[in-house]
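Here the structure comes first, spelled out in structure tokens, and everything after it is commentary.
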Amino acid sequence: MRIALAATCIADAMFPQAPRAVVTLLERLGHEVVFPPAQACCGQMHVNTGYLADAVPVVRNHVRTFAPVADGEWDAVVVPSGSCTGSIRHQQRMVLERAGLDQEARAATAVAERTYELSELLVDVLGVTDVGAWFPHRVTYHPTCHSLRMLGVGDKPERLLRAVDGLELVPLEQAEGCCGFGGTFSLKNADTSAAMLQDKVGHVVGTGAEVLTAGDWSCLMHIGGGLSRGGTGVRPMHLAEILVSTREAPVVPGERQEVAR
Amino acid sequence: MSDARSEILSRVRDALGAAAPTPARIPRAYRPAGEHAAGSDEVLDLLVDRLEDYRAHVHRVTAAGLPGLLADLLGGTPGRVSGRVPGAAPARGARSAVVVPPGLDPAWLAGLADVDVRADTRDAPLAATELDEVGAVVTAARVAVAETGTIVLDGEPDQGRRAISLVPDVHVCVVRTSQVVQTVPEAVRLLDAHPERPLTWISGPSATSDIELDRVEGVHGPRTLHVVLVR
Amino acid sequence: MSTFLGMPAARGGSAPDAAAPDTLAGVGRPDDPLHWGASFPDAARTALANQQLRRNLGNATSTIRAKRARVVGEVPDWEELRDAGSALKADVLARLPELLEQLERNVTARGGVVHWARDAAEANRIVADLVRAKGTDEVVKVKSMATQEIGLNEALAEDGIAAVETDLAELIVQLADDMPSHILVPAIHRNRTEIRDIFLERMGDAPPDLTDVPRELAMAARAHLRRKFLSAKVAISGANFAVADTGTLAVVESEGNGRMCLTLPETLITVMGIEKLVPTFDDLEVFLQLLPRSSTGERMNPYTSMWTGVTPGDGPQEFHLVLLDNGRTTVLADEAGRSALHCIRCSACLNVCPVYERVGGHAYGSVYPGPIGAILTPQLTGEKSDLPYASTLCGACYEVCPVKIDIPSILVELRAREVELGGAAPDTSDRVWQAAMKAASFAMADGDRFRRAARVPRVLRAISRHGVIRRLPFPGSLWTRSRDLPEPPRQTFHDWWERRARQARQEDER
Ligand code: SF4
């Protein structure tokens, strides 16, 4: 399959190891990955903060960039983020319609219909749960709210994790509780966000896991920031970073896969 | 002042706009009825389970056994004396009195000869303060819902005014097994023949969860609910 | 009316906080039940500092969440019931004028009197006049959100009429001179010990040896209210449902205080929002399944009363129905937000909300707290509000709402409205956000611009230690106060991809 990657703005700038892992993983599974360089952001931050007019050019750029998937040039778009996938699927059309851009709203729908969050792509589209990974560590999984409720990815990420050789998956208490990130919520309501984070960090530490994983670096950045501040030693890693790890090319938790300049 | 009406109605019309939303088509894919017939063993067992979950007292008797059971339950209300010596008159006093609606089957009360039984009717109602002096009430019911453990009274002569099943501290409610349906929709569709009747849906004794969401049975309504299922 | 102006710094005491955990005094009664107190972030901060409150809320909400999940799980057709409930409410709004007139006709035909009130003041006046006409100065009340919303008790007090709340939690709130903090369990912020202390200090006839066992507390309330029930001439209630095609009203409750009020007094006055209709009697079969399981987590609540006008010889012989607008038609006019009027006030969304669970109801500064409050309050008042931002958009509310109100989407719509209001009359914070969002929009609407912008965080590497940044200047400090920020990478993904592609091309050429 020819799969276009939407890296997401936050991972592109801050956590490039996740989209890099997606590329390596999909290529290992025998697929071709395309990265349309005109991409920037899906517009979620603007939409969720209420800046719908400012979201319009951002959303248009995304839709224009990924429009070829609707024409069959690529088979699918993959996004290593539940909340960005959710925004693409449930918000972009609304933003364009409100701006009176009906034709582009239709294009947005066509793109969204072929856009998948990573675990959806692997399990539903590519039909794999065992991706041949090896990761001999104790791991706990936080189902991010938008993956869970907006997309309904269900237990797909856990199925992928359970198939990883050597990995010990430990359940997270109150896993479905929000970590308190909520994008700009973490700034506008910093105290409440911190209180929610504190509880989540407590539950993560309670698992005794070495690694916390999720399908979204935005929530991971939040929980990871709390884990780091608490000196817990638990490492946040994106699902893709675990799935890409093999015996031949193991990924070591906490070791940033820096790339030389 | 009468204009509040027309003003609100016109605000509503304006709010809906010229292109008022089209009335919705209601998807009714939910269960209109349960899989078990009214009065079937499955339905009765379910009702009993639900009622006991609410800490209601459930008794299953035949029609012939009903008067004896009622005598047992009401002979010494409150503080029911089980193993009452036959013929020994229970302590007299207002609190041991029993109120009944006018249309209750008199045969049910055959065992209550030595109990102060007071009839209450719409034409000659007991005052609320008088009802407060009465210890218990016996009523029939209109329908019962097994899945939710609910009994519905509709104020007909065998059930009486709403106040009589409310103020006394013990409510003995007699339900014929044929009146027990499985689901809420079955009950509603039965009641819709007379929606104008005052309806009281009762699911267990009065209760509150207002303190730390901890359920406590027995607040203002009857603190004890006996449900008698008569085959 | 309340003795203070503006915000309830509280009357006769300070708001509960960590420094004074034993205070019984509540937050006081505000002038505007839909808008009081500090801003949400500030009120939340105060609430978060109150450890007792957080424990009370945490225990209560986790209990009710588990109960709800259990009884909802046993209903095989729960989703079908939600679909029907949602469609029925949409249908009611679409046909509201016709259904209201039908309700009025049917109530009138059965001996009831229907009144219409455009706003809180008009509703309060109608009720006060009706009570005065009965020559009494005390009324008993069933818990009702509508009468909380219009501040009826305070209005009656100004007319010399004492309104006695008879719901246990409302009684606790009333005795403590407090505000409700939950739709269903208004005293959820109080634990048993606090309730015992409130009863001992303020009920007047509480047994001196009262313990904090819930059963004993409930019995004390029973004894306290019994006399009032038996002697009350007028009762005031709300309504959970009003059936247009029969004129039937329904009140769903647990304790029996509702039955007492609806049955014993000679006169009953019911105040109801105009959206509380259901089209037909049979439609109750849907809501009587959805409501109890969603609210108290019971298969059915202990008591539901239904009455149609006046029944000669049984119950109140005089019945008044007050139909209340008070901002509802404004909500209705907003297509995106109107489904907030579907709400059946079950409070499931509060119980699952991670924000509500931590900050409690008072932080919302409205009688409608939690997720539904965050969408309903600003729509009812039409004022600028920070409530639409009081959510992470986690979606837990939408998932449990029995009438499928898409609260997260409405929150986003309302945020857009806030941005518009902020654009018209910006304050400093608005200006900062506007500038930031404009800049971000510019940078993120184009691949090349984004590629350059994405390299900017790299400058922070200079201040990172051991791979993390622990302190940033404002506004970054809002983040780093509680969390670290990882060190930004040397190379963005865009740059990595380009370099890789270049290398691949070079290899091809070789
Ligand atoms: S919005 Fe939905 S979940 Fe919340 S109180 Fe209303 S009906 Fe219940």
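Identifiers for the structure tokens are assigned positionally: chains receive A, B, ... in sequence, residues are indexed from 1 per chain, and ligands are indexed from 1 in the order shown.
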For this session: Please report, as number ranges by chain, each residue of stretch 200-382 of chain C to which DSSP assigns alpha helix (DSSP H) when run on this structure's backbone.
Result: C: 200-202, 214-231, 257-263, 284-295, 328-333, 348-352, 354-359, 370-381
Restricting the output to C-alpha atoms, write the selected residues as a CSV table (one decimal), in the first residue's frame.
chain,number,residue,atom,x,y,z
C,200,LEU,CA,-27.1,19.9,65.3
C,201,GLU,CA,-26.4,23.6,64.9
C,202,ARG,CA,-29.2,24.7,62.7
C,214,PRO,CA,-26.6,8.3,57.4
C,215,ARG,CA,-29.6,6.4,58.6
C,216,GLU,CA,-29.8,8.5,61.8
C,217,LEU,CA,-29.4,11.7,59.9
C,218,ALA,CA,-32.2,10.7,57.5
C,219,MET,CA,-34.5,9.9,60.5
C,220,ALA,CA,-33.7,13.3,62.0
C,221,ALA,CA,-34.8,14.9,58.8
C,222,ARG,CA,-38.0,12.8,58.7
C,223,ALA,CA,-39.0,13.8,62.2
C,224,HIS,CA,-38.2,17.5,61.5
C,225,LEU,CA,-40.3,17.6,58.3
C,226,ARG,CA,-43.2,15.4,59.3
C,227,ARG,CA,-45.1,18.2,61.1
C,228,LYS,CA,-44.6,20.5,58.2
C,229,PHE,CA,-45.9,18.0,55.7
C,230,LEU,CA,-49.0,17.3,57.7
C,231,SER,CA,-49.9,21.0,58.1
C,257,ASN,CA,-41.0,14.2,50.3
C,258,GLY,CA,-42.2,14.7,46.7
C,259,ARG,CA,-45.2,12.5,47.3
C,260,MET,CA,-45.9,14.4,50.5
C,261,CYS,CA,-45.8,17.7,48.8
C,262,LEU,CA,-47.7,16.6,45.7
C,263,THR,CA,-50.4,14.8,47.7
C,284,LEU,CA,-42.7,8.2,29.3
C,285,GLU,CA,-41.7,4.5,28.7
C,286,VAL,CA,-38.5,5.8,27.3
C,287,PHE,CA,-37.6,8.4,29.8
C,288,LEU,CA,-38.6,6.3,32.9
C,289,GLN,CA,-36.0,3.8,31.8
C,290,LEU,CA,-33.3,6.4,30.9
C,291,LEU,CA,-33.6,8.7,33.9
C,292,PRO,CA,-33.3,6.6,37.0
C,293,ARG,CA,-30.5,4.5,35.7
C,294,SER,CA,-28.5,7.5,34.6
C,295,SER,CA,-29.1,9.6,37.7
C,328,ARG,CA,-34.8,29.1,27.1
C,329,THR,CA,-36.1,30.6,23.9
C,330,THR,CA,-32.6,32.2,23.4
C,331,VAL,CA,-31.0,28.8,23.7
C,332,LEU,CA,-33.6,27.5,21.3
C,333,ALA,CA,-32.7,30.1,18.7
C,348,ALA,CA,-24.7,11.5,34.8
C,349,CYS,CA,-22.5,14.0,33.0
C,350,LEU,CA,-21.4,15.6,36.3
C,351,ASN,CA,-20.6,12.3,37.8
C,352,VAL,CA,-18.3,11.2,35.0
C,354,PRO,CA,-13.0,14.6,35.5
C,355,VAL,CA,-13.2,18.3,36.0
C,356,TYR,CA,-16.3,18.3,38.1
C,357,GLU,CA,-15.0,15.4,40.1
C,358,ARG,CA,-12.1,17.5,41.2
C,359,VAL,CA,-13.5,21.0,41.6
C,370,GLY,CA,-20.7,20.3,35.5
C,371,PRO,CA,-20.7,19.7,31.7
C,372,ILE,CA,-24.4,20.5,31.2
C,373,GLY,CA,-23.9,23.7,33.3
C,374,ALA,CA,-20.9,24.6,31.1
C,375,ILE,CA,-23.1,24.6,28.0
C,376,LEU,CA,-26.5,25.7,29.5
C,377,THR,CA,-25.5,28.5,31.8
C,378,PRO,CA,-23.7,30.7,29.2
C,379,GLN,CA,-26.5,30.1,26.8
C,380,LEU,CA,-29.2,31.0,29.3
C,381,THR,CA,-27.5,34.2,30.4
Exercise. Using the chain letters and numbers from this document, which residues of stretch 38-230 of chain A does DSSP assign to strand (DSSP E), as JSON, numbers by chain?
Worked result: {"A": [76, 77, 78, 79, 115, 116, 117, 138, 139, 140, 141, 168, 169, 170, 211, 212, 213, 214]}
Exercise. How would you write, as a list in words, the set of residues no farther than 7 Å from ligand 1 when counting only C-alpha atoms and all ligand atoms?
Worked result: Ala340, His342, Cys343, Ile344, Arg345, Cys346, Ser347, Ala348, Cys349, Leu350, Pro371, Ile372, Cys397, Val400, Cys401, Pro402, Val403, Lys404 and Ile405 of chain C
For this session: Using only C-alpha atoms, pick whichever of A:Trp217, A:Tyr141, A:Phe66, A:Phe181 has the shortest atom-to-atom distance to chain C.
Result: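 Once distances to chain C are computed over only C-alpha atoms, the minimum belongs to A:Phe181.
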For this session: Mind checking which residues fall within 10 Å of C:Ala69, counting only C-alpha atoms, ignoring those fewer than 3 positions away in the same chain, and posting them as a list in words?
Result: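 Once the nearby chain positions are removed, what remains is Ile64, Arg65, Ala66, Val72, Gly73, Glu74, Arg293, Ser294, Gly297 and Val400 of chain C.
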Per-residue nearest contacts chain C to chain A, cut-off 8 Å, using only C-alpha atoms, as a Markdown table:
| residue | atom | partner | partner_atom | distance |
| --- | --- | --- | --- | --- |
| C:Pro41 | CA | A:Asn189 | CA | 5.4 |
| C:Ala44 | CA | A:Thr192 | CA | 6.7 |
| C:Arg45 | CA | A:Asp191 | CA | 6.0 |
| C:Leu48 | CA | A:Thr192 | CA | 7.4 |
| C:Pro354 | CA | A:Cys178 | CA | 6.6 |
| C:Val355 | CA | A:Thr192 | CA | 6.9 |
| C:Arg358 | CA | A:Thr192 | CA | 7.3 |
| C:Val359 | CA | A:Thr192 | CA | 7.4 |
| C:Tyr389 | CA | A:Phe185 | CA | 6.8 |
| C:Ala390 | CA | A:Asn189 | CA | 7.1 |
| C:Ser391 | CA | A:Phe185 | CA | 7.0 |
| C:Thr392 | CA | A:Gly182 | CA | 4.0 |
| C:Leu393 | CA | A:Gly182 | CA | 6.4 |
| C:Cys394 | CA | A:Cys145 | CA | 5.1 |
| C:Gly395 | CA | A:Arg149 | CA | 6.3 |
| C:Ala396 | CA | A:Arg149 | CA | 7.5 |
| C:Glu399 | CA | A:Arg149 | CA | 7.4 |
| C:Val412 | CA | A:Asn48 | CA | 5.7 |
| C:Glu413 | CA | A:Gly50 | CA | 7.0 |
| C:Leu414 | CA | A:Gly50 | CA | 7.5 |
| C:Arg415 | CA | A:Gly50 | CA | 4.4 |
| C:Ala416 | CA | A:Gly50 | CA | 3.9 |
| C:Arg417 | CA | A:Gly50 | CA | 7.4 |
| C:Glu418 | CA | A:Gly50 | CA | 7.4 |
| C:Val419 | CA | A:Gly50 | CA | 6.0 |
| C:Met437 | CA | A:His46 | CA | 6.9 |
| C:Lys438 | CA | A:Asp54 | CA | 6.3 |
| C:Ser441 | CA | A:Asp54 | CA | 5.6 |
| C:Phe442 | CA | A:Pro57 | CA | 8.0 |
| C:Met444 | CA | A:Ala40 | CA | 5.3 |
| C:Ala445 | CA | A:Val58 | CA | 4.1 |
| C:Asp446 | CA | A:Ala40 | CA | 6.3 |
| C:Gly447 | CA | A:Ala38 | CA | 3.9 |
| C:Asp448 | CA | A:Ala38 | CA | 6.8 |
| C:Phe450 | CA | A:Ala40 | CA | 5.7 |
| C:Arg451 | CA | A:Ala40 | CA | 7.7 |
| C:Ala454 | CA | A:Ala13 | CA | 4.7 |
| C:Arg455 | CA | A:Ala13 | CA | 6.6 |
| C:Pro457 | CA | A:Ala13 | CA | 7.4 |
| C:Arg470 | CA | A:Arg229 | CA | 7.7 |
| C:Leu478 | CA | A:Leu187 | CA | 5.7 |
| C:Trp479 | CA | A:Leu187 | CA | 6.5 |
| C:Ser482 | CA | A:Ala194 | CA | 6.1 |
| C:Arg483 | CA | A:Gly225 | CA | 4.5 |
| C:Asp484 | CA | A:Gly225 | CA | 4.3 |
| C:Leu485 | CA | A:Gly225 | CA | 5.6 |
| C:Pro486 | CA | A:Gly225 | CA | 7.1 |
| C:Pro488 | CA | A:Met14 | CA | 5.2 |
| C:Pro489 | CA | A:Met14 | CA | 6.0 |
| C:Arg490 | CA | A:Arg261 | CA | 6.8 |
| C:Gln491 | CA | A:Arg261 | CA | 6.7 |
| C:Thr492 | CA | A:Ala13 | CA | 5.1 |
| C:Phe493 | CA | A:Asp12 | CA | 4.6 |
| C:His494 | CA | A:Asp12 | CA | 6.5 |
| C:Trp496 | CA | A:Val259 | CA | 7.9 |
| C:Trp497 | CA | A:Phe35 | CA | 7.6 |
Problem set entry | Distance of atom CA of C:Asp314 from atom CA of C:Gly135, expressed in Å to one decimal place |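 Atom CA of C:Gly135 sits 22.0 Å away from atom CA of C:Asp314.
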Using only C-alpha atoms, find each residue of chain C with at least one atom at most 7 Å away from an atom of chain B; report its shortest atom-to-atom pair and that distance in Å (one decimal), sort the rows by chain and rising residue number, and return the result as JSON lines.
{"residue": "C:Ala60", "atom": "CA", "partner": "B:Glu212", "partner_atom": "CA", "distance": 5.4}
{"residue": "C:Ile64", "atom": "CA", "partner": "B:Leu213", "partner_atom": "CA", "distance": 6.9}
{"residue": "C:Asp77", "atom": "CA", "partner": "B:Tyr30", "partner_atom": "CA", "distance": 5.5}
{"residue": "C:Glu80", "atom": "CA", "partner": "B:Tyr30", "partner_atom": "CA", "distance": 5.0}
{"residue": "C:Leu81", "atom": "CA", "partner": "B:Tyr30", "partner_atom": "CA", "distance": 5.7}
{"residue": "C:Asp83", "atom": "CA", "partner": "B:Pro27", "partner_atom": "CA", "distance": 6.6}
{"residue": "C:Ala84", "atom": "CA", "partner": "B:Pro27", "partner_atom": "CA", "distance": 5.4}
{"residue": "C:Ala87", "atom": "CA", "partner": "B:Ile26", "partner_atom": "CA", "distance": 5.5}
{"residue": "C:Leu88", "atom": "CA", "partner": "B:Ile26", "partner_atom": "CA", "distance": 6.2}
{"residue": "C:Ala90", "atom": "CA", "partner": "B:Ala24", "partner_atom": "CA", "distance": 6.3}
{"residue": "C:Asp91", "atom": "CA", "partner": "B:Ala24", "partner_atom": "CA", "distance": 4.8}
{"residue": "C:Ala94", "atom": "CA", "partner": "B:Pro21", "partner_atom": "CA", "distance": 5.3}
{"residue": "C:Arg95", "atom": "CA", "partner": "B:Pro23", "partner_atom": "CA", "distance": 6.5}
{"residue": "C:Pro97", "atom": "CA", "partner": "B:Leu9", "partner_atom": "CA", "distance": 5.9}
{"residue": "C:Trp116", "atom": "CA", "partner": "B:Arg5", "partner_atom": "CA", "distance": 5.3}
{"residue": "C:Ala117", "atom": "CA", "partner": "B:Ala4", "partner_atom": "CA", "distance": 6.0}
{"residue": "C:Arg118", "atom": "CA", "partner": "B:Ala4", "partner_atom": "CA", "distance": 5.9}
{"residue": "C:Leu168", "atom": "CA", "partner": "B:Asp210", "partner_atom": "CA", "distance": 6.5}
{"residue": "C:Ala169", "atom": "CA", "partner": "B:Asp210", "partner_atom": "CA", "distance": 5.5}
{"residue": "C:Val185", "atom": "CA", "partner": "B:Asp210", "partner_atom": "CA", "distance": 5.7}
{"residue": "C:Ile188", "atom": "CA", "partner": "B:Glu212", "partner_atom": "CA", "distance": 6.4}
{"residue": "C:Asn191", "atom": "CA", "partner": "B:Glu212", "partner_atom": "CA", "distance": 6.0}
{"residue": "C:Arg192", "atom": "CA", "partner": "B:Ile211", "partner_atom": "CA", "distance": 6.2}
{"residue": "C:Pro214", "atom": "CA", "partner": "B:Ile211", "partner_atom": "CA", "distance": 6.2}
{"residue": "C:Arg215", "atom": "CA", "partner": "B:Val216", "partner_atom": "CA", "distance": 5.7}
{"residue": "C:Ala218", "atom": "CA", "partner": "B:Val219", "partner_atom": "CA", "distance": 6.1}
{"residue": "C:Met219", "atom": "CA", "partner": "B:Val219", "partner_atom": "CA", "distance": 6.5}
{"residue": "C:Arg222", "atom": "CA", "partner": "B:His220", "partner_atom": "CA", "distance": 5.7}
{"residue": "C:Leu230", "atom": "CA", "partner": "B:Ala128", "partner_atom": "CA", "distance": 5.8}
{"residue": "C:Thr246", "atom": "CA", "partner": "B:Pro195", "partner_atom": "CA", "distance": 6.8}
{"residue": "C:Thr248", "atom": "CA", "partner": "B:Glu196", "partner_atom": "CA", "distance": 7.0}
{"residue": "C:Ser254", "atom": "CA", "partner": "B:Ala207", "partner_atom": "CA", "distance": 5.4}
{"residue": "C:Glu255", "atom": "CA", "partner": "B:Ala207", "partner_atom": "CA", "distance": 4.9}
{"residue": "C:Gly256", "atom": "CA", "partner": "B:Gly221", "partner_atom": "CA", "distance": 4.6}
{"residue": "C:Asn257", "atom": "CA", "partner": "B:His220", "partner_atom": "CA", "distance": 5.8}
{"residue": "C:Thr263", "atom": "CA", "partner": "B:Ala163", "partner_atom": "CA", "distance": 6.2}
{"residue": "C:Leu264", "atom": "CA", "partner": "B:Ala163", "partner_atom": "CA", "distance": 6.7}
{"residue": "C:Phe281", "atom": "CA", "partner": "B:Asp192", "partner_atom": "CA", "distance": 6.6}
{"residue": "C:Asp282", "atom": "CA", "partner": "B:Val188", "partner_atom": "CA", "distance": 6.1}
{"residue": "C:Glu285", "atom": "CA", "partner": "B:Pro185", "partner_atom": "CA", "distance": 4.9}
{"residue": "C:Arg299", "atom": "CA", "partner": "B:Thr148", "partner_atom": "CA", "distance": 5.1}
{"residue": "C:Met300", "atom": "CA", "partner": "B:Thr148", "partner_atom": "CA", "distance": 5.5}
{"residue": "C:Asn301", "atom": "CA", "partner": "B:Ser203", "partner_atom": "CA", "distance": 6.4}
{"residue": "C:Pro302", "atom": "CA", "partner": "B:Ser203", "partner_atom": "CA", "distance": 4.3}
{"residue": "C:Tyr303", "atom": "CA", "partner": "B:Ile202", "partner_atom": "CA", "distance": 4.9}
{"residue": "C:Thr304", "atom": "CA", "partner": "B:Trp201", "partner_atom": "CA", "distance": 4.9}
{"residue": "C:Ser305", "atom": "CA", "partner": "B:Thr200", "partner_atom": "CA", "distance": 4.8}
{"residue": "C:Met306", "atom": "CA", "partner": "B:Leu199", "partner_atom": "CA", "distance": 5.0}
{"residue": "C:Trp307", "atom": "CA", "partner": "B:Pro198", "partner_atom": "CA", "distance": 4.7}
{"residue": "C:Thr308", "atom": "CA", "partner": "B:Glu196", "partner_atom": "CA", "distance": 5.2}
{"residue": "C:Gly313", "atom": "CA", "partner": "B:Arg122", "partner_atom": "CA", "distance": 4.5}
{"residue": "C:Asp314", "atom": "CA", "partner": "B:Arg161", "partner_atom": "CA", "distance": 5.3}
{"residue": "C:Gly315", "atom": "CA", "partner": "B:Arg162", "partner_atom": "CA", "distance": 6.9}
{"residue": "C:Asp325", "atom": "CA", "partner": "B:Ile8", "partner_atom": "CA", "distance": 6.9}
{"residue": "C:Thr329", "atom": "CA", "partner": "B:Val12", "partner_atom": "CA", "distance": 5.6}
{"residue": "C:Thr330", "atom": "CA", "partner": "B:Ala15", "partner_atom": "CA", "distance": 6.9}
{"residue": "C:Leu332", "atom": "CA", "partner": "B:Ala15", "partner_atom": "CA", "distance": 5.7}
{"residue": "C:Ala333", "atom": "CA", "partner": "B:Ala15", "partner_atom": "CA", "distance": 3.9}
Seminar exercise, completed: One residue among A:Ala105, A:Pro171, A:Leu96, A:Trp134 is nearest to A:Ser245 when using only C-alpha atoms, and that residue is A:Trp134
For this session: Using only C-alpha atoms, determine which residues lie at most 10 Å from C:Val107, disregarding the query and same-chain residues fewer than 2 positions distant; provide the list as a ChimeraX atom specification.
Result: /C:101-105,109-114,242-249,307-310,319-321
Prev. selection, N, CA, C and O atoms, output as a CSV table (one decimal), in the first residue's frame:
chain,number,residue,atom,x,y,z
C,101,GLU,N,-49.2,24.5,23.6
C,101,GLU,CA,-50.7,24.8,23.6
C,101,GLU,C,-51.5,23.6,23.9
C,101,GLU,O,-52.5,23.6,24.6
C,102,GLN,N,-51.1,22.4,23.4
C,102,GLN,CA,-51.8,21.2,23.7
C,102,GLN,C,-51.7,20.9,25.2
C,102,GLN,O,-52.7,20.5,25.8
C,103,LEU,N,-50.6,21.0,25.8
C,103,LEU,CA,-50.4,20.8,27.2
C,103,LEU,C,-51.4,21.7,28.0
C,103,LEU,O,-52.1,21.3,28.9
C,104,GLU,N,-51.3,23.0,27.6
C,104,GLU,CA,-52.2,24.0,28.3
C,104,GLU,C,-53.7,23.6,28.3
C,104,GLU,O,-54.4,23.6,29.3
C,105,ARG,N,-54.1,23.2,27.1
C,105,ARG,CA,-55.5,22.8,26.9
C,105,ARG,C,-55.8,21.6,27.8
C,105,ARG,O,-56.8,21.6,28.5
C,109,ALA,N,-58.3,21.6,31.0
C,109,ALA,CA,-59.5,20.8,30.9
C,109,ALA,C,-59.7,19.9,32.1
C,109,ALA,O,-60.8,19.6,32.5
C,110,ARG,N,-58.6,19.6,32.8
C,110,ARG,CA,-58.7,18.8,34.0
C,110,ARG,C,-58.7,19.7,35.3
C,110,ARG,O,-58.3,19.2,36.3
C,111,GLY,N,-59.0,20.9,35.1
C,111,GLY,CA,-59.1,21.7,36.3
C,111,GLY,C,-57.9,22.4,36.8
C,111,GLY,O,-57.9,23.0,37.9
C,112,GLY,N,-56.8,22.4,36.1
C,112,GLY,CA,-55.6,23.1,36.4
C,112,GLY,C,-55.6,24.5,35.8
C,112,GLY,O,-56.4,24.8,35.0
C,113,VAL,N,-54.7,25.3,36.4
C,113,VAL,CA,-54.6,26.7,35.8
C,113,VAL,C,-53.2,26.9,35.3
C,113,VAL,O,-52.2,26.6,36.0
C,114,VAL,N,-53.0,27.3,34.1
C,114,VAL,CA,-51.7,27.5,33.5
C,114,VAL,C,-51.3,28.9,33.5
C,114,VAL,O,-52.1,29.8,33.1
C,242,ALA,N,-43.7,16.7,31.4
C,242,ALA,CA,-45.1,17.1,31.2
C,242,ALA,C,-45.5,16.5,29.9
C,242,ALA,O,-44.9,16.7,28.8
C,243,VAL,N,-46.6,15.7,29.9
C,243,VAL,CA,-47.1,15.0,28.7
C,243,VAL,C,-48.1,15.9,28.0
C,243,VAL,O,-49.1,16.2,28.5
C,244,ALA,N,-47.7,16.3,26.7
C,244,ALA,CA,-48.6,17.2,26.0
C,244,ALA,C,-49.9,16.6,25.7
C,244,ALA,O,-50.9,17.3,25.9
C,245,ASP,N,-50.0,15.4,25.3
C,245,ASP,CA,-51.2,14.9,24.8
C,245,ASP,C,-52.2,14.4,25.9
C,245,ASP,O,-53.3,14.1,25.6
C,246,THR,N,-51.8,14.5,27.2
C,246,THR,CA,-52.7,14.2,28.2
C,246,THR,C,-52.8,15.2,29.3
C,246,THR,O,-53.7,15.3,30.1
C,247,GLY,N,-51.7,16.1,29.3
C,247,GLY,CA,-51.7,17.1,30.4
C,247,GLY,C,-51.1,16.5,31.7
C,247,GLY,O,-51.2,17.1,32.8
C,248,THR,N,-50.5,15.4,31.6
C,248,THR,CA,-50.0,14.7,32.8
C,248,THR,C,-48.6,15.3,33.2
C,248,THR,O,-47.8,15.5,32.3
C,249,LEU,N,-48.4,15.5,34.5
C,249,LEU,CA,-47.1,15.9,35.0
C,249,LEU,C,-46.4,14.8,35.8
C,249,LEU,O,-47.2,14.0,36.4
C,307,TRP,N,-49.6,13.1,37.8
C,307,TRP,CA,-51.0,13.7,38.1
C,307,TRP,C,-51.4,14.5,36.9
C,307,TRP,O,-50.6,15.0,36.1
C,308,THR,N,-52.7,14.5,36.7
C,308,THR,CA,-53.3,15.2,35.5
C,308,THR,C,-54.3,16.2,36.0
C,308,THR,O,-55.4,15.8,36.5
C,309,GLY,N,-54.0,17.5,36.1
C,309,GLY,CA,-54.9,18.5,36.6
C,309,GLY,C,-55.2,18.1,38.1
C,309,GLY,O,-54.4,17.8,38.9
C,310,VAL,N,-56.5,18.2,38.3
C,310,VAL,CA,-57.0,17.9,39.7
C,310,VAL,C,-57.9,16.6,39.7
C,310,VAL,O,-58.7,16.4,38.8
C,319,PHE,N,-54.6,23.4,41.4
C,319,PHE,CA,-53.3,23.1,40.8
C,319,PHE,C,-53.0,24.2,39.8
C,319,PHE,O,-53.7,24.5,38.9
C,320,HIS,N,-51.8,24.8,40.0
C,320,HIS,CA,-51.3,25.8,39.1
C,320,HIS,C,-50.0,25.3,38.4
C,320,HIS,O,-49.1,24.8,39.1
C,321,LEU,N,-49.9,25.5,37.1
C,321,LEU,CA,-48.7,25.2,36.4
C,321,LEU,C,-48.1,26.5,35.8
C,321,LEU,O,-48.7,27.2,35.1
For this session: Between atom CA of C:Gly273 and atom CA of C:Asn124, measure the distance and give it in Å to one decimal.
Result: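 Result for atom CA of C:Gly273 versus atom CA of C:Asn124: 13.4 Å, one decimal.
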Problem set entry | Non-local contacts of A:Trp74 (12 Å; only C-alpha atoms; under 4 positions in same chain excluded) as a list of chain:residue names |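 Returned residues: A:Met1, A:Arg2, A:Ile3, A:Ala4, A:Leu5, A:His31, A:Glu32, A:Val33, A:Val34, A:Phe35, A:Pro36, A:Thr65, A:Phe66, A:Ala67, A:Pro68, A:Val69, A:Ala70, A:Val78, A:Val111, A:Arg114, A:Thr115.
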Problem set entry | Contacts of stretch 163-167 of chain C at 8 Å (only C-alpha atoms; same-chain gap of 6+ positions) as a ChimeraX atom specification | /C:138-143,153,156-157,174,225,255,257-258
For this session: Would you mind reading off the distance between atom CA of C:Leu411 and atom CA of C:Pro388, one decimal, in Å?
Result: 5.2 Å
